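Below is data-v6.tsv, which holds TSV, C-alpha atoms.
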chain	number	residue	atom	x	y	z
Z	156	MET	CA	22.32	-27.03	53.34
Z	157	ARG	CA	19.91	-24.50	51.74
Z	158	PRO	CA	18.11	-25.51	48.50
Z	159	PRO	CA	19.10	-23.84	45.19
Z	160	ALA	CA	17.35	-20.54	44.24
Z	161	PRO	CA	14.31	-21.11	41.98
Z	162	ALA	CA	14.99	-20.69	38.24
Z	163	ALA	CA	11.93	-18.43	37.93
Z	164	THR	CA	13.48	-15.56	39.86
Z	165	THR	CA	17.13	-15.61	38.93
Z	166	PRO	CA	18.22	-12.67	36.70
Z	167	LEU	CA	20.00	-15.11	34.38
Z	168	THR	CA	16.62	-16.57	33.39
Z	169	TRP	CA	15.37	-13.16	32.25
Z	170	VAL	CA	18.57	-12.34	30.40
Z	171	LEU	CA	18.33	-15.64	28.55
Z	172	ALA	CA	14.58	-15.11	27.94
Z	173	ILE	CA	15.27	-11.76	26.27
Z	174	ALA	CA	18.05	-13.31	24.16
Z	175	MET	CA	15.69	-16.09	23.09
Z	176	LEU	CA	12.97	-13.55	22.35
Z	177	VAL	CA	15.32	-11.76	19.96
Z	178	VAL	CA	16.08	-15.05	18.22
Z	179	ILE	CA	12.39	-16.04	17.96
Z	180	ASP	CA	11.54	-12.52	16.74
Z	181	ALA	CA	14.15	-12.72	13.98
Z	182	ALA	CA	13.16	-16.28	13.03
Z	183	VAL	CA	9.57	-15.13	12.52
Z	184	THR	CA	9.95	-11.64	11.06
Z	185	ARG	CA	12.91	-12.27	8.75
Z	186	SER	CA	11.84	-15.48	7.12
Z	187	ALA	CA	9.25	-17.14	4.93
Z	188	LEU	CA	7.35	-17.98	8.11
Z	189	LEU	CA	6.00	-14.45	7.91
Z	190	TRP	CA	6.73	-13.38	4.35
Z	191	GLY	CA	5.96	-16.58	2.45
Z	192	LYS	CA	2.46	-15.77	1.17
Z	193	THR	CA	2.35	-14.60	-2.42
Z	194	ASN	CA	-1.28	-15.33	-3.36
Z	195	THR	CA	-2.48	-12.01	-2.00
Z	196	TRP	CA	-5.27	-11.29	-4.49
Z	197	ILE	CA	-8.15	-11.77	-2.07
Z	198	GLN	CA	-11.71	-12.20	-3.28
Z	199	SER	CA	-13.41	-12.56	0.09
Z	200	GLU	CA	-14.00	-10.17	3.00
Z	201	ILE	CA	-12.83	-6.58	2.65
Z	202	ASP	CA	-10.88	-6.88	5.90
Z	203	ARG	CA	-8.71	-9.65	4.42
Z	204	VAL	CA	-8.20	-7.63	1.23
Z	205	TYR	CA	-6.69	-4.73	3.14
Z	206	VAL	CA	-4.62	-6.83	5.55
Z	207	TRP	CA	-3.03	-8.87	2.76
Z	208	GLN	CA	-2.54	-5.91	0.47
Z	209	THR	CA	-0.74	-4.00	3.20
Z	210	TYR	CA	1.19	-7.19	4.00
Z	211	ASP	CA	2.23	-7.33	0.35
Z	212	VAL	CA	3.70	-3.84	0.59
Z	213	ALA	CA	5.50	-4.73	3.84
Z	214	ARG	CA	6.82	-7.91	2.21
Z	215	LYS	CA	8.30	-5.93	-0.66
Z	216	LEU	CA	9.95	-3.60	1.84
Z	217	TYR	CA	11.22	-6.11	4.41
Z	218	SER	CA	11.71	-9.42	2.64
Z	219	PRO	CA	14.80	-9.65	0.42
Z	220	ARG	CA	13.99	-8.96	-3.23
Z	221	ARG	CA	15.82	-9.63	-6.43
Z	222	PRO	CA	18.78	-7.24	-6.57
Z	223	ALA	CA	18.77	-4.82	-9.51
Z	224	ALA	CA	20.83	-1.89	-10.70
Z	225	ALA	CA	17.73	0.34	-10.93
Z	226	ARG	CA	15.09	0.02	-8.23
Z	227	ILE	CA	11.83	1.86	-8.90
Z	228	ALA	CA	9.46	2.36	-5.98
Z	229	VAL	CA	5.87	3.32	-6.79
Z	230	LEU	CA	3.61	4.87	-4.14
Z	231	GLY	CA	-0.12	5.26	-4.64
Z	232	ASN	CA	-3.47	3.56	-4.37
Z	233	SER	CA	-5.71	1.42	-6.55
Z	234	ARG	CA	-5.33	3.86	-9.46
Z	235	ILE	CA	-1.70	2.74	-9.82
Z	236	TRP	CA	-1.99	-0.68	-8.15
Z	237	PHE	CA	-3.74	-2.14	-11.19
Z	238	PRO	CA	-1.92	-0.67	-14.18
Z	239	ALA	CA	1.63	-0.60	-12.75
Z	240	ARG	CA	1.92	-4.23	-11.69
Z	241	GLU	CA	5.60	-5.12	-11.60
Z	242	ALA	CA	5.40	-7.60	-14.48
Z	243	TYR	CA	3.73	-5.14	-16.89
Z	244	VAL	CA	6.10	-2.28	-16.17
Z	245	GLU	CA	9.23	-4.43	-16.20
Z	246	ARG	CA	8.18	-5.88	-19.59
Z	247	ALA	CA	7.58	-2.38	-20.97
Z	248	LEU	CA	10.94	-1.23	-19.59
Z	249	HIS	CA	12.66	-4.17	-21.21
Z	250	THR	CA	11.11	-3.27	-24.56
Z	251	ILE	CA	12.28	0.33	-24.57
Z	252	ALA	CA	15.54	-0.11	-22.64
Z	253	PRO	CA	16.70	-3.76	-23.04
Z	254	ASP	CA	19.96	-3.14	-21.19
Z	255	LEU	CA	18.35	-1.60	-18.15
Z	256	ASP	CA	18.45	-3.96	-15.15
Z	257	ALA	CA	15.36	-2.66	-13.37
Z	258	ARG	CA	13.15	-3.89	-10.58
Z	259	VAL	CA	9.79	-2.27	-9.92
Z	260	ASP	CA	8.26	-2.33	-6.45
Z	261	ASN	CA	4.61	-1.35	-6.58
Z	262	LEU	CA	3.87	-0.21	-3.01
Z	263	ALA	CA	0.30	0.88	-3.65
Z	264	ILE	CA	-2.60	0.02	-1.35
Z	265	PHE	CA	-6.29	0.29	-2.26
Z	266	GLY	CA	-7.87	3.41	-0.79
Z	267	ALA	CA	-4.53	4.88	0.35
Z	268	ARG	CA	-4.36	8.65	0.63
Z	269	ILE	CA	-1.55	11.09	1.12
Z	270	GLY	CA	-1.28	10.32	4.87
Z	271	ASP	CA	-0.87	6.63	4.12
Z	272	LEU	CA	1.65	7.33	1.36
Z	273	GLU	CA	3.67	9.51	3.73
Z	274	ILE	CA	3.76	6.56	6.16
Z	275	VAL	CA	4.92	4.15	3.43
Z	276	SER	CA	7.65	6.65	2.49
Z	277	ARG	CA	9.14	6.24	6.01
Z	278	HIS	CA	10.21	2.72	4.98
Z	279	LEU	CA	11.78	3.60	1.63
Z	280	ASP	CA	15.35	3.48	2.92
Z	281	ARG	CA	14.88	-0.31	2.99
Z	282	LEU	CA	14.83	-0.30	-0.81
Z	283	GLN	CA	17.36	2.45	-1.49
Z	284	PRO	CA	15.32	3.32	-4.59
Z	285	SER	CA	16.93	4.70	-7.74
Z	286	LEU	CA	13.62	6.41	-8.44
Z	287	VAL	CA	10.47	7.06	-6.43
Z	288	ILE	CA	7.22	7.69	-8.29
Z	289	LEU	CA	4.45	9.25	-6.27
Z	290	ALA	CA	1.24	8.53	-8.20
Z	291	LEU	CA	-1.43	11.00	-7.17
Z	292	GLY	CA	-4.97	11.97	-7.95
Z	293	GLY	CA	-6.49	15.15	-6.56
Z	294	ALA	CA	-8.88	13.15	-4.39
Z	295	ASP	CA	-5.92	11.58	-2.56
Z	296	LEU	CA	-5.24	14.90	-0.83
Z	297	VAL	CA	-8.55	15.25	0.99
Z	298	PRO	CA	-10.60	13.14	3.39
Z	299	THR	CA	-14.00	12.14	2.01
Z	300	SER	CA	-16.71	9.67	2.91
Z	301	TRP	CA	-14.57	7.09	1.09
Z	302	GLY	CA	-11.64	7.39	3.51
Z	303	GLU	CA	-9.46	9.48	5.78
Z	304	LEU	CA	-6.03	10.96	5.07
Z	305	VAL	CA	-4.57	8.09	7.12
Z	306	ASN	CA	-6.44	4.80	6.97
Z	307	PRO	CA	-6.11	1.55	8.92
Z	308	THR	CA	-3.86	0.21	6.18
Z	309	GLY	CA	-1.38	3.04	6.67
Z	310	GLU	CA	-1.63	2.75	10.45
Z	311	LEU	CA	-0.42	-0.85	10.22
Z	312	LEU	CA	2.85	0.42	8.78
Z	313	SER	CA	3.23	3.55	10.90
Z	314	ILE	CA	6.63	3.82	12.55
Z	315	GLY	CA	8.85	6.68	13.75
Z	316	TRP	CA	9.71	8.58	16.91
Z	317	ARG	CA	8.20	11.87	15.86
Z	318	ASP	CA	4.56	12.42	14.96
Z	319	GLY	CA	3.84	12.52	11.24
Z	320	PRO	CA	1.87	15.28	9.51
Z	321	ILE	CA	-1.40	13.73	10.71
Z	322	PRO	CA	-0.96	13.54	14.51
Z	323	PRO	CA	-2.09	10.39	16.36
Z	324	ALA	CA	-5.56	10.54	17.87
Z	325	SER	CA	-4.34	9.61	21.35
Z	326	ALA	CA	-1.24	9.09	23.49
Z	327	ALA	CA	-1.88	5.34	23.28
Z	328	GLU	CA	-1.58	5.48	19.47
Z	329	ARG	CA	1.71	7.34	19.81
Z	330	VAL	CA	3.11	4.71	22.22
Z	331	ASP	CA	1.81	2.00	19.88
Z	332	ARG	CA	3.84	3.59	17.05
Z	333	TRP	CA	6.97	3.78	19.22
Z	334	VAL	CA	6.73	0.11	20.15
Z	335	ARG	CA	6.14	-0.74	16.48
Z	336	THR	CA	9.28	1.24	15.64
Z	337	VAL	CA	11.60	-0.73	17.93
Z	338	TRP	CA	10.04	-4.18	17.97
Z	339	PRO	CA	9.57	-5.96	14.63
Z	340	LEU	CA	7.38	-8.73	16.05
Z	341	TYR	CA	5.04	-6.14	17.52
Z	342	ARG	CA	5.09	-4.16	14.26
Z	343	TRP	CA	3.98	-7.15	12.21
Z	344	ARG	CA	1.77	-8.86	14.78
Z	345	ARG	CA	-1.39	-8.38	12.76
Z	346	PHE	CA	0.32	-10.03	9.79
Z	347	VAL	CA	1.68	-12.86	11.96
Z	348	ARG	CA	-1.85	-13.55	13.18
Z	349	ALA	CA	-3.20	-13.45	9.64
Z	350	ARG	CA	-0.43	-15.78	8.48
Z	351	ILE	CA	-1.18	-18.32	11.22
Z	352	GLU	CA	-4.87	-18.19	10.36
Z	353	ASP	CA	-4.01	-18.56	6.68
Z	354	ARG	CA	-1.88	-21.64	7.35
Z	355	LEU	CA	-4.49	-23.26	9.56
Z	356	PHE	CA	-7.55	-22.33	7.47
Z	357	PRO	CA	-6.37	-21.46	3.94
Z	358	THR	CA	-8.86	-19.70	1.66
Z	359	SER	CA	-8.98	-21.57	-1.63
Z	360	SER	CA	-9.95	-18.50	-3.67
Z	361	ASP	CA	-6.76	-16.57	-2.73
Z	362	THR	CA	-4.63	-16.29	-5.82
Z	363	GLU	CA	-1.97	-14.18	-7.55
Z	364	PHE	CA	-2.94	-11.28	-9.79
Z	365	PRO	CA	-2.15	-12.29	-13.39
Z	366	ASP	CA	1.02	-11.09	-15.06
Z	367	HIS	CA	-0.91	-10.71	-18.32
Z	368	PHE	CA	-4.51	-10.41	-19.51
Z	369	PRO	CA	-4.97	-11.61	-23.09
Z	370	SER	CA	-8.43	-10.01	-23.41
Z	371	LEU	CA	-10.98	-7.83	-21.67
Z	372	LEU	CA	-13.19	-10.87	-21.20
Z	373	GLU	CA	-10.45	-12.56	-19.20
Z	374	TYR	CA	-9.98	-9.43	-17.10
Z	375	PHE	CA	-13.71	-9.19	-16.37
Z	376	GLU	CA	-13.92	-12.90	-15.57
Z	377	PHE	CA	-10.91	-12.76	-13.28
Z	378	THR	CA	-12.16	-9.78	-11.29
Z	379	ASN	CA	-15.89	-10.58	-11.28
Z	380	GLY	CA	-16.25	-14.31	-11.79
Z	381	ARG	CA	-17.17	-16.16	-14.96
Z	382	GLN	CA	-20.88	-15.35	-15.16
Z	383	ARG	CA	-20.78	-11.67	-14.15
Z	384	GLY	CA	-17.55	-11.21	-16.09
Z	385	ALA	CA	-19.17	-12.37	-19.33
Z	386	MET	CA	-22.08	-10.01	-18.72
Z	387	LEU	CA	-19.75	-7.06	-18.08
Z	388	ASP	CA	-17.84	-7.87	-21.24
Z	389	GLN	CA	-21.09	-7.57	-23.19
Z	390	THR	CA	-22.25	-4.35	-21.52
Z	391	TYR	CA	-18.79	-2.87	-22.04
Z	392	ALA	CA	-18.94	-3.83	-25.75
Z	393	ARG	CA	-22.37	-2.15	-25.92
Z	394	TRP	CA	-20.82	1.04	-24.52
Z	395	ARG	CA	-18.05	0.87	-27.15
Z	396	ARG	CA	-20.75	1.00	-29.83
Z	397	GLU	CA	-22.32	4.05	-28.15
Z	398	PRO	CA	-19.36	5.68	-26.34
Z	399	THR	CA	-21.17	8.33	-24.29
Z	400	LEU	CA	-20.82	9.21	-20.64
Z	401	GLU	CA	-24.37	8.03	-19.97
Z	402	GLY	CA	-23.65	4.75	-21.76
Z	403	PHE	CA	-20.55	4.27	-19.60
Z	404	VAL	CA	-22.58	4.91	-16.45
Z	405	ARG	CA	-25.04	2.24	-17.63
Z	406	TYR	CA	-22.14	-0.19	-18.15
Z	407	LEU	CA	-21.01	0.56	-14.57
Z	408	GLY	CA	-24.50	-0.21	-13.34
Z	409	GLY	CA	-24.87	3.28	-11.89
Z	410	SER	CA	-27.98	5.36	-11.99
Z	411	GLU	CA	-28.10	8.49	-14.13
Z	412	GLY	CA	-26.74	11.55	-12.38
Z	413	ARG	CA	-25.50	9.62	-9.37
Z	414	PHE	CA	-22.60	11.57	-7.84
Z	415	GLY	CA	-21.04	8.48	-6.21
Z	416	LEU	CA	-19.24	7.05	-9.24
Z	417	THR	CA	-16.25	9.25	-8.56
Z	418	GLU	CA	-14.95	10.28	-5.20
Z	419	PRO	CA	-17.16	12.90	-3.47
Z	420	VAL	CA	-14.45	15.53	-3.04
Z	421	PRO	CA	-15.18	18.97	-1.53
Z	422	PRO	CA	-15.39	22.20	-3.58
Z	423	PRO	CA	-12.05	23.04	-5.26
Z	424	GLU	CA	-11.57	26.31	-3.38
Z	425	SER	CA	-11.58	24.44	-0.04
Z	426	LEU	CA	-8.21	22.87	-0.95
Z	427	THR	CA	-5.34	25.20	-0.01
Z	428	LEU	CA	-1.63	24.94	0.73
Z	429	GLU	CA	-2.57	24.85	4.41
Z	430	SER	CA	-4.91	21.88	4.05
Z	431	PRO	CA	-3.71	18.87	6.08
Z	432	GLY	CA	-3.37	16.82	2.91
Z	433	MET	CA	-1.08	19.41	1.29
Z	434	ILE	CA	1.03	19.59	4.46
Z	435	ALA	CA	1.37	15.80	4.37
Z	436	LEU	CA	2.42	16.00	0.72
Z	437	ASP	CA	4.99	18.66	1.60
Z	438	GLN	CA	6.48	16.46	4.34
Z	439	LEU	CA	6.55	13.41	2.08
Z	440	LEU	CA	8.36	15.30	-0.68
Z	441	ALA	CA	10.72	16.85	1.88
Z	442	ARG	CA	11.68	13.35	3.05
Z	443	LEU	CA	12.34	12.17	-0.52
Z	444	SER	CA	14.43	15.25	-1.10
Z	445	ASP	CA	16.33	14.96	2.22
Z	446	GLU	CA	17.13	11.30	1.56
Z	447	SER	CA	18.28	12.22	-1.98
Z	448	PHE	CA	15.96	9.71	-3.64
Z	449	PRO	CA	15.39	10.86	-7.24
Z	450	SER	CA	11.63	11.33	-7.43
Z	451	ILE	CA	8.77	12.39	-9.64
Z	452	VAL	CA	5.12	13.07	-8.94
Z	453	LEU	CA	2.78	11.52	-11.49
Z	454	LEU	CA	-0.71	12.96	-11.84
Z	455	MET	CA	-2.75	9.88	-12.62
Z	456	PRO	CA	-4.90	9.50	-15.74
Z	457	GLU	CA	-8.46	10.77	-15.55
Z	458	ASN	CA	-11.33	9.50	-17.60
Z	459	PRO	CA	-11.93	12.03	-20.42
Z	460	LEU	CA	-15.61	11.12	-20.43
Z	461	LEU	CA	-15.93	13.40	-17.42
Z	462	ASP	CA	-15.30	16.34	-19.79
Z	463	ASP	CA	-18.92	15.72	-20.83
Z	464	ASP	CA	-20.05	16.44	-17.29
Z	465	PRO	CA	-19.56	20.22	-16.96
Z	466	THR	CA	-22.46	20.56	-14.54
Z	467	GLY	CA	-20.95	18.07	-12.10
Z	468	ARG	CA	-23.50	15.28	-12.07
Z	469	TYR	CA	-20.80	12.64	-11.69
Z	470	HIS	CA	-17.75	14.52	-10.45
Z	471	ARG	CA	-16.59	17.82	-8.95
Z	472	PRO	CA	-15.53	20.01	-11.91
Z	473	GLY	CA	-12.42	22.04	-11.26
Z	474	PHE	CA	-11.12	19.97	-8.35
Z	475	SER	CA	-8.50	18.13	-10.37
Z	476	GLU	CA	-7.11	21.38	-11.80
Z	477	ARG	CA	-6.99	23.01	-8.38
Z	478	ALA	CA	-5.18	20.00	-6.89
Z	479	ALA	CA	-2.71	19.87	-9.80
Z	480	GLU	CA	-1.89	23.55	-9.38
Z	481	LEU	CA	-1.14	23.11	-5.66
Z	482	ILE	CA	0.80	19.87	-6.16
Z	483	ARG	CA	3.04	21.67	-8.68
Z	484	GLU	CA	3.62	24.48	-6.20
Z	485	VAL	CA	4.60	22.12	-3.36
Z	486	ALA	CA	6.76	19.92	-5.62
Z	487	ALA	CA	8.62	22.98	-6.89
Z	488	ARG	CA	9.72	23.76	-3.30
Z	489	HIS	CA	11.61	20.47	-3.30
Z	490	HIS	CA	12.74	20.61	-6.95
Z	491	ILE	CA	10.66	17.54	-7.79
Z	492	ARG	CA	9.23	17.23	-11.29
Z	493	VAL	CA	5.50	16.75	-11.80
Z	494	VAL	CA	4.48	14.62	-14.78
Z	495	ASP	CA	0.93	15.32	-15.85
Z	496	GLY	CA	-0.52	11.99	-16.95
Z	497	ARG	CA	-4.14	13.07	-16.63
Z	498	ARG	CA	-4.63	12.91	-20.40
Z	499	TRP	CA	-2.52	9.83	-21.07
Z	500	MET	CA	-5.41	7.45	-21.58
Z	501	SER	CA	-8.51	7.54	-23.79
Z	502	ALA	CA	-11.90	6.60	-22.34
Z	503	ASP	CA	-11.78	3.08	-23.76
Z	504	ARG	CA	-8.75	2.33	-21.57
Z	505	PHE	CA	-10.77	2.81	-18.37
Z	506	ALA	CA	-12.44	0.06	-16.37
Z	507	ASP	CA	-14.58	2.68	-14.61
Z	508	LEU	CA	-14.53	6.45	-14.13
Z	509	VAL	CA	-11.36	6.22	-12.01
Z	510	HIS	CA	-9.23	3.16	-12.87
Z	511	VAL	CA	-7.54	2.19	-16.12
Z	512	PHE	CA	-7.46	-1.48	-17.10
Z	513	PRO	CA	-4.39	-3.38	-15.92
Z	514	ASP	CA	-2.08	-4.50	-18.74
Z	515	LEU	CA	-4.72	-4.06	-21.49
Z	516	SER	CA	-4.83	-0.27	-21.15
Z	517	GLY	CA	-1.17	0.04	-22.15
Z	518	PHE	CA	-0.63	2.48	-19.28
Z	519	GLN	CA	2.70	0.77	-18.63
Z	520	GLU	CA	4.12	2.13	-21.89
Z	521	PRO	CA	4.08	5.90	-21.18
Z	522	PHE	CA	4.82	5.02	-17.55
Z	523	ALA	CA	7.96	3.10	-18.55
Z	524	ARG	CA	9.02	5.96	-20.84
Z	525	GLU	CA	8.79	8.36	-17.91
Z	526	ILE	CA	10.86	6.00	-15.77
Z	527	VAL	CA	13.60	5.76	-18.39
Z	528	ASN	CA	13.47	9.51	-18.85
Z	529	ALA	CA	13.76	10.13	-15.09
Z	530	LEU	CA	16.56	7.59	-14.60
Z	531	GLY	CA	18.51	9.16	-17.42
Z	532	SER	CA	18.22	12.69	-16.11
G	137	MET	CA	31.98	-20.21	39.23
G	138	PRO	CA	28.53	-21.81	39.72
G	139	SER	CA	27.68	-22.29	43.33
G	140	ALA	CA	25.48	-24.83	45.02
G	141	ARG	CA	22.83	-22.13	45.42
G	142	ASP	CA	22.53	-21.55	41.64
G	143	PRO	CA	19.52	-23.22	40.03
G	144	PRO	CA	20.29	-26.04	37.58
G	145	LEU	CA	21.20	-24.73	34.13
G	146	GLY	CA	18.61	-26.94	32.48
G	147	ALA	CA	15.85	-25.43	34.62
G	148	VAL	CA	17.04	-21.90	33.82
G	149	LEU	CA	17.08	-22.57	30.07
G	150	LEU	CA	13.68	-24.20	30.13
G	151	ARG	CA	12.18	-21.36	32.14
G	152	ALA	CA	13.78	-18.75	29.85
G	153	LEU	CA	12.36	-20.49	26.78
G	154	LEU	CA	8.94	-20.61	28.40
G	155	TYR	CA	9.06	-16.88	29.14
G	156	ALA	CA	10.21	-16.04	25.61
G	157	LEU	CA	7.44	-18.12	24.05
G	158	LEU	CA	4.82	-16.67	26.36
G	159	ILE	CA	5.86	-13.10	25.56
G	160	THR	CA	5.80	-13.93	21.84
G	161	LEU	CA	2.29	-15.35	22.10
G	162	LEU	CA	1.13	-12.37	24.14
G	163	VAL	CA	2.50	-9.89	21.61
G	164	VAL	CA	0.97	-11.68	18.66
G	165	PHE	CA	-2.42	-12.50	20.13
G	166	ALA	CA	-3.10	-9.83	22.73
G	167	PRO	CA	-6.21	-7.87	21.78
G	168	GLY	CA	-6.18	-4.11	21.35
G	169	ASN	CA	-5.54	-1.67	18.56
G	170	GLU	CA	-7.71	-3.70	16.23
G	171	HIS	CA	-7.95	-1.90	12.94
G	172	VAL	CA	-11.35	-1.90	11.34
G	173	PHE	CA	-11.38	-1.42	7.61
G	174	ILE	CA	-14.24	0.58	6.27
G	175	TYR	CA	-14.24	1.68	2.67
G	176	GLN	CA	-17.31	3.16	1.11
G	177	GLY	CA	-16.02	3.57	-2.39
G	178	PHE	CA	-16.91	1.09	-5.07
Representation of the structure as structure tokens:
Amino acid sequence: MRPPAPAATTPLTWVLAIAMLVVIDAAVTRSALLWGKTNTWIQSEIDRVYVWQTYDVARKLYSPRRPAAARIAVLGNSRIWFPAREAYVERALHTIAPDLDARVDNLAIFGARIGDLEIVSRHLDRLQPSLVILALGGADLVPTSWGELVNPTGELLSIGWRDGPIPPASAAERVDRWVRTVWPLYRWRRFVRARIEDRLFPTSSDTEFPDHFPSLLEYFEFTNGRQRGAMLDQTYARWRREPTLEGFVRYLGGSEGRFGLTEPVPPPESLTLESPGMIALDQLLARLSDESFPSIVLLMPENPLLDDDPTGRYHRPGFSERAAELIREVAARHHIRVVDGRRWMSADRFADLVHVFPDLSGFQEPFAREIVNALGS
Amino acid sequence: MPSARDPPLGAVLLRALLYALLITLLVVFAPGNEHVFIYQGF
């Protein structure tokens, strides 16, 4: 009598292996095993900051959230990450519209540009948003020495069968995106690795970003540590007594006339409707329009101190206006309203030349009013 | 109907589980496409 066939080669083994793979995949990618980390404010290693921040966005998209009648999705970068934290905006919404059952999903990632935002928008059907807010600054539409139109953070989330507005650099990247599209475990493998590492070797300084800052001192201490935070609080107070642009630059620790305190964008006339960043914006807005997600574009607040810099020592005069003009033109093609928030905030609401303070700036108040306005229209 | 030539079910299940776990580990830990984060802003 012949011996039985070896288990290794029988087709049944492979069929069962694939079935088990599907089960393992689901057990990992649809559970707290992957999505259980909430202390994603990282104070060590820039690489960890970006991985966990992108993870946080993926978690909001793929891990079940609190159901709500109105779901507001916010796309952007650090300019909106800080001042539109879910807790601040939901509190402000509750104040002006107590009966509104709203959930805010802040899907911003530090350093994200229009190519990254277009990639995040490919996942929005997961949320079925009642409103999408695309928070933009002019600099987000161009590559600079600070970042590309698509950055590694966006690449981690890139899915889809067709190439996006920024084509992949190689055929391998395209295949990588296809595999990421069909196979959740492959899509999130970087996060799975990070999660295993985090469980085995937790970083004690990882924490959650506060839902409220009672004072500037507490903000400075949280973001810079106790000693440096106290010093920044004093230098900031000194600037308040002498509220000039040069004084603000001193508070930031920059040198006079240093062009690196705002993003080094190109000359305004180099930005056109045919620029890759504008094409990416067009495709993003076309998707929002095609999927019938009510949407607005918000032009993010700019520090009015830069009005005192007409010669362009610290920024590129005219770039913001040029970008706003083109954004309006593209948005009009898709019947999407542009809200100009560039003058929403006074200089004392800014933590630097680009970002407004979270919570303490009060940004969430006009922001919440715009949300209520957009939901009602 | 299982025949005498079929491998034992236990061996098949064990082997299938081994393959599934190996593929999972390969997917998660295989090198390649490492993203390097470089940000020169402040």
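Comparing the minimum interatomic distances between Leu188 of chain Z and each of Z:Trp169, Z:Tyr341, Z:Phe346, Z:Tyr374, counting only C-alpha atoms, we find that Z:Phe346 sits nearest.
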Task: Pick from Z:Glu525, Z:Glu241, Z:Glu457, Z:Glu310, whichever lies nearest to Ala263 of chain Z using all atoms listed in the file - done: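 Of all the options, Z:Glu241 lies closest to Ala263 of chain Z.
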Task: Distance query 10 Å from (15.7, 9.2, -2.6) using all atoms listed in the file, result as a list of chain:residue names - done: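 With a cut-off of 10 Å, the residues come to Z:Ala228, Z:Ser276, Z:Leu279, Z:Asp280, Z:Leu282, Z:Gln283, Z:Pro284, Z:Ser285, Z:Leu286, Z:Val287, Z:Leu440, Z:Arg442, Z:Leu443, Z:Ser444, Z:Asp445, Z:Glu446, Z:Ser447, Z:Phe448, Z:Pro449, Z:Ser450.
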Open item on the list: Residues within 6 Å of segment 152-169 of chain G, please, as a list in words. Count all atoms listed in the file; anything in the same chain fewer than 2 positions from it doesn't count.
Closed with: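 Near neighbours after the sequence-gap exclusion: Thr168, Leu171, Ala172, Leu176 and Arg344 of chain Z; Leu149 and Leu150 of chain G.
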Output file for the selection above: C-alpha atoms, as an mmCIF file, in the frame of the given file:
data_model
loop_
_atom_site.group_PDB
_atom_site.id
_atom_site.type_symbol
_atom_site.label_atom_id
_atom_site.label_comp_id
_atom_site.auth_asym_id
_atom_site.auth_seq_id
_atom_site.Cartn_x
_atom_site.Cartn_y
_atom_site.Cartn_z
ATOM 1 C CA THR Z 168 16.620 -16.570 33.390
ATOM 2 C CA LEU Z 171 18.330 -15.640 28.550
ATOM 3 C CA ALA Z 172 14.580 -15.110 27.940
ATOM 4 C CA LEU Z 176 12.970 -13.550 22.350
ATOM 5 C CA ARG Z 344 1.770 -8.860 14.780
ATOM 6 C CA LEU G 149 17.080 -22.570 30.070
ATOM 7 C CA LEU G 150 13.680 -24.200 30.130
#
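Residue nearest Leu387 of chain Z, chosen from Z:Leu289, Z:Arg203, Z:Ala506, Z:Glu363 and counting all atoms listed in the file: Z:Ala506.
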Open item on the list: Just checking: using all atoms listed in the file, which residue out of Z:Pro472, Z:Pro322, Z:Pro339, Z:Pro419 ends up closest to Tyr217 of chain Z?
Closed with: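 For Tyr217 of chain Z, the nearest of the given residues is Z:Pro339.
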Task: Best match for closeness to Phe377 of chain Z among Z:Ser360, Z:Ser430, Z:Ser475, Z:Thr165, counting all atoms listed in the file - done: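 The answer is Z:Ser360, which sits nearest to Phe377 of chain Z.
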Against chain G, which residues of chain Z fall within 9 Å? For each one I want the closest pair of atoms and the distance in Å (one decimal), counting only C-alpha atoms, rows by chain and increasing residue number, as a tab-separated table.
residue	atom	partner	partner_atom	distance
Z:Arg157	CA	G:Arg141	CA	7.4
Z:Pro158	CA	G:Arg141	CA	6.6
Z:Pro159	CA	G:Arg141	CA	4.1
Z:Ala160	CA	G:Pro143	CA	5.4
Z:Pro161	CA	G:Pro143	CA	5.9
Z:Ala162	CA	G:Val148	CA	5.0
Z:Ala163	CA	G:Arg151	CA	6.5
Z:Thr165	CA	G:Pro143	CA	8.1
Z:Leu167	CA	G:Val148	CA	7.4
Z:Thr168	CA	G:Ala152	CA	5.0
Z:Trp169	CA	G:Ala152	CA	6.3
Z:Val170	CA	G:Ala152	CA	8.0
Z:Leu171	CA	G:Ala152	CA	5.7
Z:Ala172	CA	G:Ala152	CA	4.2
Z:Ile173	CA	G:Ala156	CA	6.7
Z:Ala174	CA	G:Ala156	CA	8.4
Z:Met175	CA	G:Ala156	CA	6.0
Z:Leu176	CA	G:Ala156	CA	4.9
Z:Val177	CA	G:Ala156	CA	8.7
Z:Ile179	CA	G:Thr160	CA	7.9
Z:Asp180	CA	G:Thr160	CA	7.8
Z:Ile201	CA	G:Phe173	CA	7.3
Z:Asp202	CA	G:Phe173	CA	5.7
Z:Tyr205	CA	G:Phe173	CA	7.3
Z:Val206	CA	G:Phe173	CA	8.9
Z:Gly266	CA	G:Tyr175	CA	7.5
Z:Ser300	CA	G:Gln176	CA	6.8
Z:Trp301	CA	G:Gln176	CA	4.8
Z:Gly302	CA	G:Tyr175	CA	6.3
Z:Asn306	CA	G:Phe173	CA	8.0
Z:Pro307	CA	G:His171	CA	5.6
Z:Thr308	CA	G:Phe173	CA	7.8
Z:Glu310	CA	G:His171	CA	8.2
Z:Leu311	CA	G:His171	CA	8.1
Z:Glu328	CA	G:Asn169	CA	8.2
Z:Asp331	CA	G:Asn169	CA	8.3
Z:Leu340	CA	G:Val163	CA	7.5
Z:Tyr341	CA	G:Val163	CA	6.1
Z:Trp343	CA	G:Val164	CA	8.4
Z:Arg344	CA	G:Val164	CA	4.9
Z:Arg345	CA	G:Val164	CA	7.2
Z:Val347	CA	G:Val164	CA	6.8
Z:Arg348	CA	G:Val164	CA	6.4
Z:Gly415	CA	G:Gly177	CA	8.0
Z:Leu416	CA	G:Phe178	CA	7.6
Z:Thr417	CA	G:Gly177	CA	8.4
Z:Glu418	CA	G:Gly177	CA	7.4
